[in-house]
>>> print(open('model.cif').read())   # mmCIF, C-alpha atoms
data_data
loop_
_atom_site.label_atom_id
_atom_site.label_comp_id
_atom_site.auth_asym_id
_atom_site.auth_seq_id
_atom_site.Cartn_x
_atom_site.Cartn_y
_atom_site.Cartn_z
CA MET B 2 36.31 -107.26 145.33
CA SER B 3 34.75 -109.15 142.45
CA ASP B 4 36.52 -111.85 140.51
CA PRO B 5 38.34 -110.67 137.41
CA GLU B 6 36.47 -111.39 134.21
CA SER B 7 39.37 -111.42 131.76
CA LEU B 8 43.03 -112.32 131.57
CA ALA B 9 43.84 -108.60 131.39
CA GLN B 10 42.03 -108.03 134.69
CA VAL B 11 43.83 -110.99 136.29
CA ARG B 12 47.16 -109.60 135.12
CA SER B 13 46.29 -106.13 136.36
CA ARG B 14 45.52 -107.51 139.82
CA ILE B 15 48.76 -109.51 139.80
CA ASP B 16 50.70 -106.35 138.83
CA ALA B 17 49.12 -104.45 141.73
CA ILE B 18 50.07 -107.22 144.17
CA ASP B 19 53.60 -107.28 142.74
CA ALA B 20 53.91 -103.53 143.37
CA ASP B 21 52.90 -104.09 147.00
CA LEU B 22 55.39 -106.94 147.30
CA VAL B 23 58.21 -104.77 145.95
CA ARG B 24 57.47 -102.08 148.55
CA LEU B 25 57.45 -104.68 151.33
CA LEU B 26 60.69 -106.23 150.09
CA ALA B 27 62.30 -102.78 150.06
CA ASP B 28 61.28 -102.40 153.72
CA ARG B 29 62.72 -105.84 154.48
CA GLN B 30 65.94 -104.95 152.68
CA GLN B 31 66.38 -101.87 154.84
CA LEU B 32 66.05 -104.02 157.96
CA VAL B 33 68.51 -106.57 156.57
CA ARG B 34 71.03 -103.77 156.06
CA MET B 35 70.50 -102.68 159.65
CA ALA B 36 70.92 -106.26 160.85
CA ALA B 37 74.26 -106.46 159.05
CA THR B 38 75.64 -103.80 161.38
CA HIS B 39 74.84 -106.00 164.40
CA LYS B 40 76.46 -109.20 163.16
CA THR B 41 80.15 -109.96 163.37
CA ASP B 42 80.75 -112.86 161.00
CA GLU B 43 79.41 -114.96 158.14
CA HIS B 44 77.89 -117.58 160.45
CA ALA B 45 75.85 -114.88 162.18
CA VAL B 46 74.62 -113.71 158.77
CA ARG B 47 73.77 -117.18 157.49
CA ALA B 48 72.11 -118.09 160.84
CA PRO B 49 70.81 -121.51 159.75
CA THR B 50 68.69 -121.98 162.87
CA ARG B 51 67.01 -118.60 162.31
CA VAL B 52 66.44 -119.42 158.63
CA GLU B 53 64.62 -122.61 159.58
CA GLN B 54 62.50 -120.72 162.13
CA VAL B 55 61.52 -118.11 159.55
CA VAL B 56 60.70 -120.75 156.93
CA ALA B 57 58.61 -122.76 159.40
CA LEU B 58 56.68 -119.64 160.37
CA ALA B 59 56.12 -118.78 156.69
CA ARG B 60 54.75 -122.29 156.11
CA GLU B 61 52.37 -121.95 159.09
CA ARG B 62 51.17 -118.52 157.98
CA ALA B 63 50.77 -119.75 154.42
CA ALA B 64 48.59 -122.65 155.47
CA ALA B 65 46.41 -120.33 157.56
CA ALA B 66 46.08 -117.87 154.64
CA GLY B 67 45.27 -120.47 151.99
CA LEU B 68 48.69 -120.42 150.32
CA ALA B 69 50.36 -123.73 149.60
CA PRO B 70 53.07 -124.13 152.29
CA ALA B 71 55.48 -125.55 149.70
CA VAL B 72 55.11 -122.39 147.60
CA ALA B 73 55.74 -120.21 150.65
CA GLU B 74 58.79 -122.24 151.58
CA SER B 75 60.25 -121.99 148.09
CA VAL B 76 59.67 -118.23 147.93
CA TRP B 77 61.03 -117.63 151.43
CA ARG B 78 64.15 -119.71 150.86
CA ALA B 79 64.89 -117.80 147.64
CA MET B 80 64.23 -114.47 149.34
CA ILE B 81 66.33 -115.33 152.37
CA GLY B 82 69.17 -116.55 150.16
CA ALA B 83 69.17 -113.29 148.21
CA PHE B 84 69.10 -111.21 151.38
CA ILE B 85 71.92 -113.26 152.92
CA GLU B 86 74.06 -112.43 149.89
CA LEU B 87 73.12 -108.76 150.25
CA GLU B 88 73.94 -108.82 153.95
CA LEU B 89 77.31 -110.47 153.31
CA ALA B 90 78.07 -107.74 150.78
CA GLU B 91 77.03 -105.11 153.34
CA GLN B 92 79.37 -106.64 155.90
CA ALA B 93 82.22 -106.68 153.40
CA ALA B 94 81.61 -103.01 152.64
CA ILE B 95 81.63 -102.22 156.36
CA ARG B 96 84.92 -104.11 156.79
CA ASP B 97 86.41 -102.24 153.83
CA ARG B 98 85.40 -98.86 155.30
CA VAL B 99 86.90 -99.79 158.68
CA ALA B 100 90.12 -101.05 157.06
CA THR B 101 90.75 -97.82 155.16
#
>>> encode(input="model.cif", output="structure tokens")
Amino acid sequence: MSDPESLAQVRSRIDAIDADLVRLLADRQQLVRMAATHKTDEHAVRAPTRVEQVVALARERAAAAGLAPAVAESVWRAMIGAFIELELAEQAAIRDRVAT
């Protein structure tokens, strides 16, 4: 693929990548929802050791792919934080269904 020759072309390529990212995040969200059914408490959801493993792996993969590891870490921490909140909400909904 050739380099974009205008800002409009750059933006168009960014938009296409963003569309791919949204589809991948939707897939990840589905898996997070499934994971919520296998965890019993907030500590299991927050899983700080697992978070650090995932972030470290993202940094390694970023470096290998030419992405600044600090950028990957920032994005992954934000993404993980958002999915933890979603998973906690999923667990609360499950508890509410069981309680009624």
>>> resolve_selection(input="model.cif", expression="the PyMOL selection byres ((chain B and resi 77-91) around 7)", output="ChimeraX atom specification")
/B:33-34,37,43,46-47,56,73-76,92-95
>>> atom_distance(input="model.cif", atom1="atom CA of Arg29 of chain B", atom2="atom CA of Pro49 of chain B")
18.4 Å
>>> axis_aligned_box(input="model.cif", around="segment 33-38 of chain B", padding_each_side="4 Å", output="JSON")
{"center_x": 72.1, "center_y": -104.6, "center_z": 158.7, "size_x": 15.1, "size_y": 11.9, "size_z": 13.3}
>>> residues_near_point(input="model.cif", point="(50.3, -126.0, 155.6)", cutoff="6 Å", atoms="only C-alpha atoms", output="ChimeraX atom specification")
/B:60-61,64,70
>>> atom_distance(input="model.cif", atom1="atom CA of Thr38 of chain B", atom2="atom CA of Arg24 of chain B")
22.3 Å
>>> atom_distance(input="model.cif", atom1="atom CA of Ala57 of chain B", atom2="atom CA of Thr41 of chain B")
25.4 Å
>>> closest_residue(input="model.cif", among="B:Gln10, B:Gln30, B:Lys40, B:Arg51", to="Arg96 of chain B", atoms="only C-alpha atoms")
B:Lys40
>>> decode(input="model.cif", residues="segment 28-75 of chain B", atoms="N, CA and C atoms", output="CSV table (one decimal), in the first residue's frame")
chain,number,residue,atom,x,y,z
B,28,ASP,N,-15.5,-8.1,19.7
B,28,ASP,CA,-15.2,-9.5,19.9
B,28,ASP,C,-14.6,-9.6,21.3
B,29,ARG,N,-13.8,-8.7,21.7
B,29,ARG,CA,-13.2,-8.8,23.1
B,29,ARG,C,-14.3,-8.6,24.1
B,30,GLN,N,-15.2,-7.7,23.9
B,30,GLN,CA,-16.3,-7.5,24.8
B,30,GLN,C,-17.1,-8.7,25.0
B,31,GLN,N,-17.4,-9.4,24.0
B,31,GLN,CA,-18.1,-10.7,24.1
B,31,GLN,C,-17.4,-11.7,25.0
B,32,LEU,N,-16.1,-11.8,24.8
B,32,LEU,CA,-15.3,-12.7,25.7
B,32,LEU,C,-15.3,-12.2,27.1
B,33,VAL,N,-15.2,-10.9,27.3
B,33,VAL,CA,-15.2,-10.4,28.7
B,33,VAL,C,-16.6,-10.8,29.4
B,34,ARG,N,-17.7,-10.6,28.6
B,34,ARG,CA,-19.0,-11.0,29.2
B,34,ARG,C,-19.0,-12.5,29.5
B,35,MET,N,-18.4,-13.3,28.7
B,35,MET,CA,-18.3,-14.7,29.0
B,35,MET,C,-17.5,-15.0,30.3
B,36,ALA,N,-16.4,-14.3,30.4
B,36,ALA,CA,-15.5,-14.4,31.5
B,36,ALA,C,-16.2,-14.1,32.8
B,37,ALA,N,-17.1,-13.1,32.7
B,37,ALA,CA,-17.8,-12.7,33.9
B,37,ALA,C,-18.6,-13.8,34.5
B,38,THR,N,-19.1,-14.7,33.7
B,38,THR,CA,-19.8,-15.8,34.2
B,38,THR,C,-19.0,-16.9,35.0
B,39,HIS,N,-17.7,-16.8,34.8
B,39,HIS,CA,-16.8,-17.7,35.4
B,39,HIS,C,-16.1,-17.2,36.7
B,40,LYS,N,-16.3,-16.0,37.0
B,40,LYS,CA,-15.7,-15.3,38.1
B,40,LYS,C,-16.7,-15.1,39.2
B,41,THR,N,-16.2,-15.2,40.5
B,41,THR,CA,-17.1,-15.2,41.6
B,41,THR,C,-17.1,-13.9,42.4
B,42,ASP,N,-16.1,-13.1,42.2
B,42,ASP,CA,-16.0,-11.9,43.1
B,42,ASP,C,-15.3,-10.8,42.4
B,43,GLU,N,-15.3,-9.6,43.0
B,43,GLU,CA,-14.6,-8.4,42.4
B,43,GLU,C,-13.1,-8.6,42.2
B,44,HIS,N,-12.5,-9.3,43.2
B,44,HIS,CA,-11.0,-9.5,43.0
B,44,HIS,C,-10.7,-10.3,41.8
B,45,ALA,N,-11.5,-11.3,41.5
B,45,ALA,CA,-11.3,-12.2,40.4
B,45,ALA,C,-11.5,-11.3,39.1
B,46,VAL,N,-12.4,-10.4,39.1
B,46,VAL,CA,-12.6,-9.5,38.0
B,46,VAL,C,-11.4,-8.6,37.8
B,47,ARG,N,-11.0,-7.9,38.8
B,47,ARG,CA,-9.9,-7.0,38.8
B,47,ARG,C,-8.6,-7.6,38.5
B,48,ALA,N,-8.4,-8.8,39.0
B,48,ALA,CA,-7.2,-9.7,38.6
B,48,ALA,C,-5.9,-8.9,38.4
B,49,PRO,N,-5.4,-8.2,39.4
B,49,PRO,CA,-4.3,-7.3,39.1
B,49,PRO,C,-3.0,-8.1,38.5
B,50,THR,N,-2.8,-9.3,38.9
B,50,THR,CA,-1.7,-10.0,38.3
B,50,THR,C,-1.9,-10.3,36.8
B,51,ARG,N,-3.1,-10.6,36.5
B,51,ARG,CA,-3.4,-10.9,35.1
B,51,ARG,C,-3.3,-9.6,34.3
B,52,VAL,N,-3.8,-8.5,34.9
B,52,VAL,CA,-3.7,-7.2,34.2
B,52,VAL,C,-2.2,-6.9,33.8
B,53,GLU,N,-1.4,-7.1,34.8
B,53,GLU,CA,0.1,-6.8,34.6
B,53,GLU,C,0.6,-7.7,33.5
B,54,GLN,N,0.2,-9.0,33.5
B,54,GLN,CA,0.7,-9.9,32.4
B,54,GLN,C,0.2,-9.4,31.0
B,55,VAL,N,-1.0,-9.0,30.9
B,55,VAL,CA,-1.6,-8.6,29.7
B,55,VAL,C,-0.9,-7.3,29.2
B,56,VAL,N,-0.6,-6.4,30.1
B,56,VAL,CA,0.0,-5.1,29.8
B,56,VAL,C,1.5,-5.4,29.3
B,57,ALA,N,2.2,-6.3,30.0
B,57,ALA,CA,3.5,-6.6,29.7
B,57,ALA,C,3.6,-7.2,28.3
B,58,LEU,N,2.6,-8.1,28.0
B,58,LEU,CA,2.6,-8.7,26.7
B,58,LEU,C,2.3,-7.7,25.6
B,59,ALA,N,1.4,-6.8,25.9
B,59,ALA,CA,1.1,-5.7,24.9
B,59,ALA,C,2.3,-4.9,24.6
B,60,ARG,N,3.1,-4.6,25.7
B,60,ARG,CA,4.3,-3.8,25.5
B,60,ARG,C,5.3,-4.6,24.6
B,61,GLU,N,5.5,-5.9,24.8
B,61,GLU,CA,6.4,-6.7,24.0
B,61,GLU,C,5.9,-6.7,22.6
B,62,ARG,N,4.7,-7.0,22.4
B,62,ARG,CA,4.1,-7.0,21.0
B,62,ARG,C,4.2,-5.7,20.3
B,63,ALA,N,4.0,-4.6,21.1
B,63,ALA,CA,4.1,-3.3,20.5
B,63,ALA,C,5.5,-3.0,20.0
B,64,ALA,N,6.5,-3.3,20.8
B,64,ALA,CA,7.9,-3.1,20.5
B,64,ALA,C,8.2,-3.9,19.2
B,65,ALA,N,7.8,-5.1,19.1
B,65,ALA,CA,8.1,-6.0,17.9
B,65,ALA,C,7.4,-5.4,16.7
B,66,ALA,N,6.2,-4.7,16.9
B,66,ALA,CA,5.5,-4.3,15.7
B,66,ALA,C,5.8,-2.8,15.3
B,67,GLY,N,6.7,-2.2,16.1
B,67,GLY,CA,7.0,-0.8,15.8
B,67,GLY,C,6.1,0.2,16.4
B,68,LEU,N,5.4,-0.2,17.4
B,68,LEU,CA,4.5,0.7,18.2
B,68,LEU,C,5.2,1.1,19.5
B,69,ALA,N,5.2,2.3,19.9
B,69,ALA,CA,5.8,2.7,21.1
B,69,ALA,C,5.2,1.9,22.3
B,70,PRO,N,6.0,1.2,23.0
B,70,PRO,CA,5.4,0.4,24.2
B,70,PRO,C,4.6,1.3,25.2
B,71,ALA,N,5.0,2.5,25.4
B,71,ALA,CA,4.3,3.4,26.3
B,71,ALA,C,2.9,3.7,25.8
B,72,VAL,N,2.8,3.8,24.5
B,72,VAL,CA,1.4,4.1,23.9
B,72,VAL,C,0.6,2.8,24.0
B,73,ALA,N,1.2,1.7,23.8
B,73,ALA,CA,0.4,0.4,23.9
B,73,ALA,C,0.0,0.3,25.4
B,74,GLU,N,0.9,0.5,26.3
B,74,GLU,CA,0.5,0.4,27.7
B,74,GLU,C,-0.6,1.3,28.1
B,75,SER,N,-0.6,2.5,27.7
B,75,SER,CA,-1.6,3.5,28.0
B,75,SER,C,-3.0,3.0,27.4
